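Shown next: entry14.txt, given as compact mmCIF, C-alpha atoms.
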# COMPACT_ATOMS: atom_id res chain seq x y z
CA MET A 837 0.00 0.00 0.00
CA ASN A 838 2.80 2.41 0.89
CA SER A 839 4.54 1.57 -2.39
CA VAL A 840 1.37 2.36 -4.38
CA LEU A 841 0.90 5.67 -2.56
CA LYS A 842 4.54 6.56 -3.17
CA ASN A 843 4.44 5.78 -6.90
CA TYR A 844 1.12 7.52 -7.48
CA SER A 845 1.41 10.39 -5.02
CA GLY A 846 2.00 12.86 -7.84
CA LEU A 847 -1.05 11.60 -9.74
CA LEU A 848 -3.25 11.74 -6.63
CA LEU A 849 -2.12 15.29 -5.86
CA LEU A 850 -2.77 16.33 -9.46
CA LEU A 851 -6.27 14.84 -9.32
CA ALA A 852 -6.93 16.63 -6.04
CA GLY A 853 -5.79 19.94 -7.53
CA ILE A 854 -7.96 19.51 -10.65
CA ILE A 855 -11.04 18.53 -8.62
CA ALA A 856 -10.54 21.45 -6.23
CA GLY A 857 -10.06 23.85 -9.15
CA SER A 858 -13.21 22.56 -10.87
CA LEU A 859 -15.29 23.03 -7.72
CA LEU A 860 -13.95 26.55 -7.28
CA GLY A 861 -14.74 27.37 -10.89
CA ILE A 862 -18.33 26.12 -10.49
CA PHE A 863 -19.25 27.45 -7.05
CA TRP A 864 -16.93 30.45 -6.58
CA PRO A 865 -16.25 31.84 -10.07
CA GLN A 866 -15.50 35.25 -8.55
CA ALA A 867 -12.34 33.77 -7.03
CA VAL A 868 -10.99 32.73 -10.43
CA GLU A 869 -9.38 36.11 -11.17
CA TYR A 870 -7.18 35.65 -8.10
CA LEU A 871 -6.29 32.05 -8.96
CA LYS A 872 -5.59 32.50 -12.66
CA PRO A 873 -2.16 34.16 -12.09
CA LEU A 874 -1.00 30.99 -10.31
CA GLY A 875 -1.95 28.92 -13.35
CA ASP A 876 -0.34 31.42 -15.72
CA ILE A 877 2.93 31.44 -13.76
CA PHE A 878 3.05 27.64 -13.76
CA LEU A 879 2.34 27.42 -17.50
CA ASN A 880 4.96 30.09 -18.25
CA LEU A 881 7.58 28.15 -16.27
CA LEU A 882 6.51 25.00 -18.06
CA PHE A 883 6.79 26.55 -21.52
CA VAL A 884 10.21 28.15 -20.97
CA SER A 885 11.44 24.75 -19.78
CA VAL A 886 9.83 22.72 -22.56
CA VAL A 887 11.21 24.80 -25.46
CA PRO A 888 14.92 24.17 -24.76
CA LEU A 889 14.08 20.56 -23.83
CA VAL A 890 12.62 20.09 -27.31
CA PHE A 891 15.81 21.39 -28.90
CA PHE A 892 18.15 19.24 -26.81
CA ALA A 893 15.94 16.12 -27.03
CA VAL A 894 15.68 16.19 -30.84
CA ALA A 895 19.26 17.31 -31.54
CA ASN A 896 20.72 14.82 -29.04
CA SER A 897 18.64 11.92 -30.38
CA ILE A 898 19.74 12.56 -33.97
CA ALA A 899 23.38 13.19 -33.02
CA SER A 900 23.50 9.93 -31.06
CA LEU A 901 22.12 7.75 -33.86
CA GLU A 902 25.00 5.66 -35.10
CA GLN A 903 23.73 4.52 -38.49
CA GLN A 904 22.25 6.68 -41.22
CA SER A 905 19.89 3.88 -42.26
CA ARG A 906 18.52 3.71 -38.74
CA PHE A 907 17.82 7.44 -38.74
CA GLY A 908 16.06 7.16 -42.09
CA ARG A 909 13.89 4.26 -40.92
CA ILE A 910 12.73 6.21 -37.89
CA ILE A 911 11.90 9.36 -39.85
CA PHE A 912 10.02 7.59 -42.66
CA SER A 913 8.20 5.31 -40.22
CA MET A 914 7.20 8.32 -38.13
CA ALA A 915 5.92 10.27 -41.15
CA GLY A 916 3.88 7.30 -42.35
CA THR A 917 2.44 6.68 -38.89
CA PHE A 918 1.46 10.33 -38.42
CA LEU A 919 -0.23 10.52 -41.84
CA PHE A 920 -2.03 7.20 -41.34
CA THR A 921 -3.56 8.03 -37.94
CA ILE A 922 -4.49 11.61 -38.95
CA LEU A 923 -6.39 10.39 -42.02
CA ILE A 924 -8.05 7.57 -40.07
CA ALA A 925 -9.26 10.11 -37.49
CA ALA A 926 -10.60 12.40 -40.22
CA ILE A 927 -12.37 9.63 -42.17
CA PHE A 928 -13.89 8.27 -38.96
CA THR A 929 -15.27 11.74 -38.13
CA VAL A 930 -16.71 12.16 -41.64
CA GLY A 931 -18.57 8.90 -41.09
CA VAL A 932 -19.84 10.08 -37.71
CA VAL A 933 -21.28 13.37 -39.03
CA TYR A 934 -22.81 11.52 -41.99
CA PHE A 935 -24.66 8.95 -39.90
CA PHE A 936 -25.47 11.34 -37.01
CA PRO A 937 -26.33 14.66 -38.67
CA THR A 938 -26.78 17.77 -36.56
CA GLU A 939 -28.72 20.98 -37.10
CA ALA A 940 -27.21 24.25 -38.24
CA LEU A 941 -26.03 26.72 -35.61
CA PRO A 942 -27.04 30.38 -35.59
CA SER A 943 -24.20 32.81 -36.22
CA THR A 944 -23.24 35.49 -33.73
CA GLY A 945 -20.52 38.07 -33.41
CA GLU A 946 -18.51 40.13 -35.84
CA ALA A 947 -16.09 39.00 -38.48
CA LEU A 948 -12.44 38.81 -37.58
CA PRO A 949 -10.13 41.21 -39.39
CA ALA A 950 -8.25 39.63 -42.27
CA SER A 951 -4.47 39.52 -42.21
CA ASP A 952 -2.54 41.61 -44.72
CA ASP A 953 0.25 39.04 -44.92
CA SER A 954 0.60 37.03 -48.13
CA TRP A 955 0.75 33.24 -48.04
CA SER A 956 4.41 33.38 -49.05
CA ASP A 957 5.21 35.56 -46.03
CA ARG A 958 3.33 33.19 -43.74
CA LEU A 959 5.12 30.19 -45.26
CA VAL A 960 8.55 31.75 -44.65
CA ARG A 961 7.61 32.64 -41.07
CA PHE A 962 6.25 29.17 -40.49
CA PHE A 963 9.45 27.33 -41.42
CA SER A 964 12.13 29.84 -40.41
CA VAL A 965 12.95 32.92 -38.33
CA GLY A 966 15.15 35.91 -39.04
CA GLU A 967 17.07 35.95 -35.75
CA PHE A 968 18.65 33.12 -33.78
CA THR A 969 17.01 34.30 -30.54
CA GLU A 970 13.56 33.98 -32.13
CA LEU A 971 14.06 30.22 -32.45
CA PHE A 972 13.48 29.66 -28.75
CA SER A 973 9.88 30.80 -28.74
CA ARG A 974 6.95 28.41 -28.59
CA ARG A 975 5.41 30.45 -31.42
CA ASN A 976 8.22 29.24 -33.71
CA MET A 977 8.30 25.59 -32.72
CA LEU A 978 8.50 24.13 -36.23
CA ALA A 979 11.45 26.39 -37.05
CA LEU A 980 13.11 25.23 -33.80
CA LEU A 981 12.47 21.57 -34.64
CA ILE A 982 14.00 22.03 -38.11
CA PHE A 983 17.02 23.76 -36.57
CA ALA A 984 17.37 20.98 -33.96
CA PHE A 985 17.26 18.39 -36.76
CA LEU A 986 19.95 20.18 -38.72
CA THR A 987 22.08 20.69 -35.60
CA GLY A 988 21.91 17.00 -34.72
CA MET A 989 22.79 15.99 -38.28
CA ALA A 990 25.71 18.45 -38.34
CA ALA A 991 26.99 17.03 -35.05
CA ARG A 992 26.87 13.51 -36.51
CA LYS A 993 28.68 14.56 -39.67
CA SER A 994 31.42 16.36 -37.69
CA GLY A 995 32.84 13.08 -36.44
CA ALA A 996 35.47 13.26 -33.72
CA ALA A 997 35.68 17.05 -33.94
CA GLY A 998 32.01 17.33 -33.05
CA GLN A 999 32.15 14.89 -30.16
CA PRO A 1000 32.43 17.59 -27.44
CA PHE A 1001 29.37 19.31 -28.88
CA SER A 1002 27.47 16.02 -28.96
CA LEU A 1003 28.32 15.57 -25.28
CA PHE A 1004 27.00 19.10 -24.66
CA LEU A 1005 23.71 18.14 -26.34
CA ALA A 1006 23.45 14.99 -24.21
CA SER A 1007 24.25 16.93 -21.04
CA GLY A 1008 21.82 19.72 -21.94
CA TYR A 1009 19.06 17.19 -22.44
CA GLU A 1010 19.59 15.67 -19.00
CA VAL A 1011 19.73 19.10 -17.31
CA MET A 1012 16.57 20.39 -19.01
CA LYS A 1013 14.76 17.15 -18.22
CA GLU A 1014 15.58 17.57 -14.53
CA LEU A 1015 14.52 21.22 -14.65
CA LEU A 1016 11.16 20.20 -16.08
CA LEU A 1017 10.67 17.58 -13.37
CA MET A 1018 11.29 20.31 -10.78
CA VAL A 1019 8.70 22.59 -12.39
CA MET A 1020 6.17 19.76 -12.59
CA LYS A 1021 6.20 19.40 -8.81
CA ALA A 1022 4.03 22.54 -8.76
CA ALA A 1023 1.52 20.94 -11.16
CA PRO A 1024 -1.26 20.27 -8.59
CA ILE A 1025 -1.44 23.98 -7.69
CA GLY A 1026 -0.77 25.40 -11.14
CA LEU A 1027 -3.06 23.08 -13.08
CA GLY A 1028 -5.75 23.28 -10.42
CA ALA A 1029 -5.79 27.08 -10.73
CA TYR A 1030 -5.84 26.91 -14.53
CA PHE A 1031 -8.63 24.33 -14.49
CA ALA A 1032 -10.71 26.60 -12.23
CA TYR A 1033 -10.36 29.35 -14.84
CA GLN A 1034 -11.42 27.04 -17.68
CA VAL A 1035 -14.51 25.77 -15.85
CA ALA A 1036 -15.59 29.26 -14.78
CA THR A 1037 -15.14 30.90 -18.19
CA VAL A 1038 -15.86 28.22 -20.80
CA GLY A 1039 -18.23 25.98 -18.87
CA PRO A 1040 -21.43 28.07 -19.30
CA GLN A 1041 -21.13 27.95 -23.10
CA LEU A 1042 -21.49 24.17 -23.04
CA PHE A 1043 -25.24 24.58 -22.62
CA GLY A 1044 -25.68 27.13 -25.39
CA PHE A 1045 -26.18 26.86 -29.11
CA TYR A 1046 -23.12 24.68 -29.58
CA ALA A 1047 -24.24 21.72 -27.46
CA LYS A 1048 -25.16 19.39 -30.38
CA PRO A 1049 -21.96 19.57 -32.47
CA LEU A 1050 -19.95 19.73 -29.26
CA GLY A 1051 -21.63 16.58 -27.96
CA LEU A 1052 -21.03 14.88 -31.30
CA TYR A 1053 -17.33 15.71 -31.18
CA TYR A 1054 -16.90 14.56 -27.59
CA ALA A 1055 -18.77 11.31 -28.29
CA ALA A 1056 -16.74 10.58 -31.42
CA GLY A 1057 -13.50 11.64 -29.72
CA THR A 1058 -14.16 9.37 -26.74
CA VAL A 1059 -14.79 6.40 -29.04
CA TYR A 1060 -11.63 7.17 -31.00
CA PHE A 1061 -9.63 7.57 -27.78
CA ILE A 1062 -10.71 4.23 -26.35
CA VAL A 1063 -11.14 2.03 -29.43
CA PHE A 1064 -8.56 3.30 -31.92
CA PHE A 1065 -5.77 3.95 -29.41
CA SER A 1066 -6.30 0.44 -28.04
CA LEU A 1067 -6.14 -0.89 -31.61
CA TYR A 1068 -2.91 1.00 -32.31
CA ALA A 1069 -1.37 -0.25 -29.07
CA PHE A 1070 -2.39 -3.81 -30.02
CA MET A 1071 -0.83 -3.39 -33.48
CA ALA A 1072 2.41 -2.30 -31.81
CA MET A 1073 2.77 -4.82 -28.99
CA GLY A 1074 -0.22 -7.16 -28.97
CA PRO A 1075 -2.41 -7.53 -25.86
CA ASP A 1076 0.47 -6.46 -23.62
CA GLY A 1077 0.66 -3.19 -25.54
CA ILE A 1078 -2.93 -2.34 -24.61
CA ARG A 1079 -2.21 -2.99 -20.95
CA ARG A 1080 1.02 -0.97 -20.94
CA PHE A 1081 -0.50 1.97 -22.81
CA TRP A 1082 -3.55 2.42 -20.60
CA LYS A 1083 -1.62 1.79 -17.41
CA ASN A 1084 0.80 4.62 -18.20
CA ASN A 1085 -1.50 7.04 -20.03
CA ILE A 1086 -3.42 8.36 -17.00
CA TYR A 1087 -0.95 11.07 -16.03
CA PRO A 1088 -0.38 12.41 -19.58
CA GLY A 1089 -4.14 12.36 -20.17
CA LEU A 1090 -4.91 14.47 -17.11
CA THR A 1091 -2.09 16.88 -17.97
CA ALA A 1092 -3.45 17.30 -21.51
CA ILE A 1093 -7.01 17.99 -20.34
CA SER A 1094 -5.83 20.47 -17.71
CA THR A 1095 -3.45 22.52 -19.86
CA CYS A 1096 -4.96 22.21 -23.37
CA SER A 1097 -1.33 22.08 -24.53
CA SER A 1098 0.57 19.31 -26.30
CA PHE A 1099 3.89 20.92 -25.31
CA ALA A 1100 2.96 20.99 -21.64
CA THR A 1101 2.02 17.30 -21.89
CA MET A 1102 5.23 16.28 -23.64
CA PRO A 1103 7.27 15.55 -20.46
CA ALA A 1104 4.52 13.25 -19.21
CA ASN A 1105 4.39 11.54 -22.62
CA LEU A 1106 8.15 10.96 -22.58
CA GLN A 1107 7.86 9.47 -19.12
CA ALA A 1108 4.97 7.25 -20.21
CA ALA A 1109 6.86 6.07 -23.30
CA SER A 1110 9.83 5.13 -21.10
CA ARG A 1111 7.60 3.13 -18.77
CA ILE A 1112 5.90 1.41 -21.73
CA GLY A 1113 9.30 0.38 -23.10
CA VAL A 1114 9.72 2.60 -26.16
CA PRO A 1115 13.46 3.12 -26.84
CA ALA A 1116 14.63 6.63 -25.93
CA THR A 1117 16.10 7.21 -29.41
CA ILE A 1118 12.61 6.82 -30.88
CA ALA A 1119 10.58 8.50 -28.13
CA ASN A 1120 12.84 11.58 -28.12
CA ILE A 1121 12.20 12.11 -31.84
CA VAL A 1122 8.59 10.99 -32.30
CA ILE A 1123 7.04 12.68 -29.24
CA PRO A 1124 8.62 16.17 -29.57
CA LEU A 1125 7.91 16.21 -33.31
CA GLY A 1126 4.46 14.78 -32.71
CA SER A 1127 3.58 17.66 -30.39
CA THR A 1128 3.72 19.89 -33.48
CA LEU A 1129 3.06 17.59 -36.43
CA HIS A 1130 0.77 14.80 -35.17
CA LYS A 1131 -2.75 15.83 -34.16
CA ASP A 1132 -5.53 13.27 -34.36
CA GLY A 1133 -7.77 15.48 -32.22
CA SER A 1134 -7.23 18.52 -34.43
CA SER A 1135 -7.96 16.35 -37.46
CA MET A 1136 -11.32 15.36 -35.98
CA SER A 1137 -12.17 18.87 -34.81
CA SER A 1138 -11.38 20.38 -38.20
CA ILE A 1139 -13.91 18.01 -39.82
CA ILE A 1140 -16.55 18.97 -37.23
CA LYS A 1141 -15.88 22.70 -37.71
CA ILE A 1142 -15.97 22.48 -41.51
CA TYR A 1143 -19.23 20.51 -41.27
CA VAL A 1144 -20.82 23.12 -38.99
CA ALA A 1145 -19.63 25.98 -41.21
CA PHE A 1146 -21.27 24.34 -44.23
CA LEU A 1147 -24.50 23.89 -42.27
CA ILE A 1148 -24.54 27.59 -41.44
CA ILE A 1149 -24.16 28.68 -45.06
CA GLY A 1150 -26.52 25.99 -46.34
CA GLN A 1151 -24.06 24.14 -48.58
CA ASP A 1152 -23.40 20.41 -49.00
CA PHE A 1153 -20.42 19.27 -46.95
CA PHE A 1154 -20.59 15.76 -48.45
CA ASP A 1155 -19.87 16.91 -52.00
CA PRO A 1156 -16.82 14.83 -53.10
CA ILE A 1157 -14.70 17.92 -53.80
CA ASN A 1158 -15.52 19.41 -50.41
CA LEU A 1159 -14.66 16.13 -48.70
CA LEU A 1160 -11.31 15.85 -50.47
CA LEU A 1161 -10.48 19.44 -49.53
CA ALA A 1162 -11.51 18.69 -45.94
CA LEU A 1163 -9.12 15.73 -45.74
CA GLY A 1164 -6.30 17.85 -47.17
CA ILE A 1165 -7.01 20.62 -44.67
CA THR A 1166 -6.97 18.21 -41.74
CA VAL A 1167 -3.48 17.02 -42.66
CA PHE A 1168 -2.21 20.59 -42.98
CA VAL A 1169 -4.00 21.71 -39.80
CA SER A 1170 -2.16 18.95 -37.95
CA ILE A 1171 1.05 20.77 -38.85
CA VAL A 1172 0.06 24.40 -38.37
CA ALA A 1173 -2.08 24.01 -35.24
CA GLY A 1174 0.93 24.02 -32.93
CA GLY A 1175 1.07 22.72 -29.37
CA ILE A 1176 0.00 25.84 -27.49
CA PRO A 1177 -3.38 26.42 -25.81
CA ASN A 1178 -6.07 27.16 -28.40
CA GLY A 1179 -3.46 26.68 -31.10
CA GLY A 1180 -6.07 25.70 -33.67
CA TYR A 1181 -6.66 29.37 -34.54
CA VAL A 1182 -4.30 29.24 -37.53
CA GLY A 1183 -5.91 26.05 -38.77
CA GLU A 1184 -9.37 27.57 -38.45
CA MET A 1185 -8.33 30.59 -40.46
CA LEU A 1186 -6.82 28.28 -43.07
CA MET A 1187 -10.15 26.47 -43.34
CA ILE A 1188 -12.08 29.71 -43.83
CA SER A 1189 -9.56 30.83 -46.45
CA VAL A 1190 -9.48 27.59 -48.48
CA TYR A 1191 -13.25 27.27 -48.69
CA GLN A 1192 -13.72 31.05 -49.02
CA LEU A 1193 -16.49 30.83 -46.45
CA PRO A 1194 -18.52 33.96 -45.58
CA VAL A 1195 -17.92 35.85 -42.37
CA GLU A 1196 -21.01 34.44 -40.64
CA ALA A 1197 -19.25 31.05 -40.39
CA ILE A 1198 -16.29 32.44 -38.44
CA PRO A 1199 -17.85 32.90 -34.95
CA ALA A 1200 -19.17 29.33 -34.82
CA VAL A 1201 -15.83 27.94 -35.94
CA MET A 1202 -13.90 29.97 -33.36
CA ILE A 1203 -16.24 29.09 -30.48
CA LEU A 1204 -16.22 25.40 -31.36
CA GLY A 1205 -12.43 25.55 -31.61
CA THR A 1206 -12.25 26.78 -28.03
CA LEU A 1207 -14.80 24.34 -26.63
CA VAL A 1208 -13.29 21.19 -28.18
CA ASP A 1209 -9.75 22.09 -27.12
CA PRO A 1210 -9.53 19.87 -23.98
CA LEU A 1211 -10.46 16.63 -25.76
CA ALA A 1212 -8.59 17.63 -28.92
CA THR A 1213 -5.43 18.13 -26.86
CA LEU A 1214 -5.99 14.80 -25.12
CA LEU A 1215 -6.17 13.04 -28.50
CA ASN A 1216 -3.29 15.07 -29.96
CA SER A 1217 -0.81 14.61 -27.15
CA THR A 1218 -1.48 11.10 -25.87
CA GLY A 1219 -1.69 9.98 -29.48
CA ASP A 1220 2.02 10.76 -29.68
CA THR A 1221 2.76 8.06 -27.13
CA VAL A 1222 0.92 5.35 -29.05
CA ALA A 1223 2.52 6.65 -32.28
CA SER A 1224 5.96 6.09 -30.74
CA MET A 1225 4.90 2.51 -30.01
CA LEU A 1226 3.88 2.00 -33.65
CA VAL A 1227 7.14 3.50 -34.93
CA THR A 1228 9.09 1.14 -32.66
CA ARG A 1229 7.25 -1.81 -34.16
CA ILE A 1230 7.60 -0.63 -37.78
CA THR A 1231 11.33 0.09 -37.50
CA GLY A 1232 12.01 -3.30 -35.94
CA GLU A 1233 13.45 -1.80 -32.75
CA LYS A 1234 13.08 -3.81 -29.55
CA PHE A 1235 10.76 -2.72 -26.76
CA ILE A 1236 12.50 -2.61 -23.41
CA GLU A 1237 11.23 -2.98 -19.90
CA GLY A 1238 10.13 0.56 -19.00
CA GLU A 1239 11.91 2.30 -16.17
CA GLU A 1240 9.60 2.61 -13.19
CA ILE A 1241 9.64 6.37 -12.69
CA PRO A 1242 7.42 7.60 -9.83
CA LEU A 1243 4.63 9.85 -11.05
Render the structure in this file as structure tokens.
Amino acid sequence: MNSVLKNYSGLLLLLAGIIAGSLLGIFWPQAVEYLKPLGDIFLNLLFVSVVPLVFFAVANSIASLEQQSRFGRIIFSMAGTFLFTILIAAIFTVGVVYFFPTEALPSTGEALPASDDSWSDRLVRFFSVGEFTELFSRRNMLALLIFAFLTGMAARKSGAAGQPFSLFLASGYEVMKELLLMVMKAAPIGLGAYFAYQVATVGPQLFGFYAKPLGLYYAAGTVYFIVFFSLYAFMAMGPDGIRRFWKNNIYPGLTAISTCSSFATMPANLQAASRIGVPATIANIVIPLGSTLHKDGSSMSSIIKIYVAFLIIGQDFFDPINLLLALGITVFVSIVAGGIPNGGYVGEMLMISVYQLPVEAIPAVMILGTLVDPLATLLNSTGDTVASMLVTRITGEKFIEGEEIPL
């Protein structure tokens, strides 16, 4: 009994903080403005720790790979896995909205101002930054990931001359990992305060005009979470994979729901992958990259939002051309959505732009984007863990006995 309490003390404290925050948000919403700064401080500490961890984790993993063929297998297996699960999530959601149609939502609010930036400018900003210091911002995570990739490859190609730098990358990864573990000790207070804010501010909208499509998304997302993630875990490791995945996915799942952030959940995912038995060389590439590039939840939510937008304007969502465009958008949204809270804004604007939808569709899309964020983040982030299991299986790497790290 004492051993169980010791191993799960962090999880129990986190649950207590979330429950307390939820009760405060429901019964004492006036106290939220005093609690929110605690949640903001915790999230800020978390983000400034996660960003350098991403750099060191990716660069160190690539620099430490000994064989070029091994690196290629991991990258191609990861890309195939990401694309496969994103499209499966999208096609499943199309089927759900087809067999369980919902009514159109009334539009409210004013149109959002259009950006003056051209698509070429946005593309350049998306993949690169003009100053080195701008790399280490969570708003430029894809540029940082690309830079980390190139840095790791350069360290590998440098041979003996680059060995001291490779040691620096390995050391930096260990230091930043420990820093993040220190920050996470404040999770019960920080996440509890942030959860109180979410319940107090977003909760009332759940009973408004958006209840039907919201309920549809949460029902479909729950089925996908339980059934498809279990199927993926079985494909990776058989029956034992299902047991290992669900046993170690509780903590990352709660972190994802509380923060609505894939980046904030990444440390918990890395810990879960280690306990499941995913090799570190795979987990440290797939999970950080997955926090930006792999988003099953965003794929599903983009289908729901496109469907609702078409209902508002009275057009046929199930036209073959519209469906093909929707699938293409979901893949791209999985890249541009980012791992920050409410990061689907860019993807939503992309959807409006591609379909050239009228302004009355924008408020519904934005509100739905906010309301589905907790479950979308849960699917996005914990999906990275099961993706790392699939990549391990596809590449032929051996699962190891996970290190029992106390939660």
Using Å and a single decimal, report how far CA of Leu1159 (chain A) sits from CA of Gly1057 (chain A).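 The value is 19.5 Å.
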If you measure from CA of Phe878 (chain A) to CA of Ser1217 (chain A), what distance in Å do you get, rounded to one decimal?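 Interatomic distance here is 19.1 Å.
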Counting all atoms listed in the file, which residues in region 869-942 of chain A sit no more than 12 Å from region 1134-1149 of chain A? For each one, give the nearest pair of atoms and the distance in Å, sorted by chain then residue number, as CSV.
residue,atom,partner,partner_atom,distance
A:Phe918,CA,A:Ser1135,CA,11.2
A:Leu919,CA,A:Ser1135,CA,10.6
A:Phe920,CA,A:Ser1135,CA,11.6
A:Thr921,CA,A:Ser1135,CA,9.4
A:Ile922,CA,A:Ser1135,CA,6.1
A:Leu923,CA,A:Ser1135,CA,7.7
A:Ile924,CA,A:Ser1135,CA,9.2
A:Ala925,CA,A:Met1136,CA,5.8
A:Ala926,CA,A:Met1136,CA,5.2
A:Ile927,CA,A:Met1136,CA,8.5
A:Phe928,CA,A:Met1136,CA,8.1
A:Thr929,CA,A:Met1136,CA,5.8
A:Val930,CA,A:Ile1139,CA,6.7
A:Gly931,CA,A:Ile1139,CA,10.3
A:Val932,CA,A:Ile1140,CA,9.5
A:Val933,CA,A:Ile1140,CA,7.5
A:Tyr934,CA,A:Tyr1143,CA,9.7
A:Phe936,CA,A:Ile1140,CA,11.7
A:Pro937,CA,A:Tyr1143,CA,9.6
A:Thr938,CA,A:Val1144,CA,8.4
A:Glu939,CA,A:Leu1147,CA,7.3
A:Ala940,CA,A:Leu1147,CA,4.9
A:Leu941,CA,A:Ile1148,CA,6.1
A:Pro942,CA,A:Ile1148,CA,6.9
Could you dump the residues just selected with C-alpha atoms as a PDB file, in the coordinates of the input?
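Output file out-v1.pdb follows:
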ATOM      1  CA  PHE A 918       1.460  10.330 -38.420  1.00  0.00           C
ATOM      2  CA  LEU A 919      -0.230  10.520 -41.840  1.00  0.00           C
ATOM      3  CA  PHE A 920      -2.030   7.200 -41.340  1.00  0.00           C
ATOM      4  CA  THR A 921      -3.560   8.030 -37.940  1.00  0.00           C
ATOM      5  CA  ILE A 922      -4.490  11.610 -38.950  1.00  0.00           C
ATOM      6  CA  LEU A 923      -6.390  10.390 -42.020  1.00  0.00           C
ATOM      7  CA  ILE A 924      -8.050   7.570 -40.070  1.00  0.00           C
ATOM      8  CA  ALA A 925      -9.260  10.110 -37.490  1.00  0.00           C
ATOM      9  CA  ALA A 926     -10.600  12.400 -40.220  1.00  0.00           C
ATOM     10  CA  ILE A 927     -12.370   9.630 -42.170  1.00  0.00           C
ATOM     11  CA  PHE A 928     -13.890   8.270 -38.960  1.00  0.00           C
ATOM     12  CA  THR A 929     -15.270  11.740 -38.130  1.00  0.00           C
ATOM     13  CA  VAL A 930     -16.710  12.160 -41.640  1.00  0.00           C
ATOM     14  CA  GLY A 931     -18.570   8.900 -41.090  1.00  0.00           C
ATOM     15  CA  VAL A 932     -19.840  10.080 -37.710  1.00  0.00           C
ATOM     16  CA  VAL A 933     -21.280  13.370 -39.030  1.00  0.00           C
ATOM     17  CA  TYR A 934     -22.810  11.520 -41.990  1.00  0.00           C
ATOM     18  CA  PHE A 936     -25.470  11.340 -37.010  1.00  0.00           C
ATOM     19  CA  PRO A 937     -26.330  14.660 -38.670  1.00  0.00           C
ATOM     20  CA  THR A 938     -26.780  17.770 -36.560  1.00  0.00           C
ATOM     21  CA  GLU A 939     -28.720  20.980 -37.100  1.00  0.00           C
ATOM     22  CA  ALA A 940     -27.210  24.250 -38.240  1.00  0.00           C
ATOM     23  CA  LEU A 941     -26.030  26.720 -35.610  1.00  0.00           C
ATOM     24  CA  PRO A 942     -27.040  30.380 -35.590  1.00  0.00           C
TER      25      PRO A 942
END
Find the residues with any atom within 7 Å of (-11.8, 23.8, -14.0); use all atoms listed in the file and the coordinates as given in the file, and write the answer as number ranges by chain. A: 854, 857-858, 861, 1030-1036
Which is closest to Leu881 (chain A) among A:Leu1016, A:Ala1072, A:Gly988, A:Val1122, if we use only C-alpha atoms?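 When distances to Leu881 (chain A) are compared using only C-alpha atoms, the smallest one comes from A:Leu1016.
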Interatomic distance (Å, one decimal) between CA of Thr1091 (chain A) and CA of Val1227 (chain A):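 Atom-to-atom, CA of Thr1091 (chain A) and CA of Val1227 (chain A) are spaced 23.5 Å apart.
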Env of Ile1121 (chain A): 9 Å cut, atoms = all atoms listed in the file, seq-sep filter 4 positions within chain, self excluded. Answer as a count of residues only. 13
Could you give me, as number ranges by chain, the residues within 10 Å of region 1058-1068 of chain A, counting all atoms listed in the file and dropping anything in the same chain fewer than 2 positions from it? A: 921, 924-925, 928-929, 1052-1056, 1070-1075, 1077-1079, 1081-1082, 1132-1133, 1136, 1211, 1214-1215, 1218-1219, 1221-1223, 1225-1226
Determine, counting all atoms listed in the file, which protein, DNA and RNA residues have an atom within 12 Å of an atom of Val1019 (chain A); residues of the same chain fewer than 3 positions away are not included. Present the result as a VMD selection string. chain A and resid 877 to 886 1012 to 1016 1022 to 1027 1100 1103
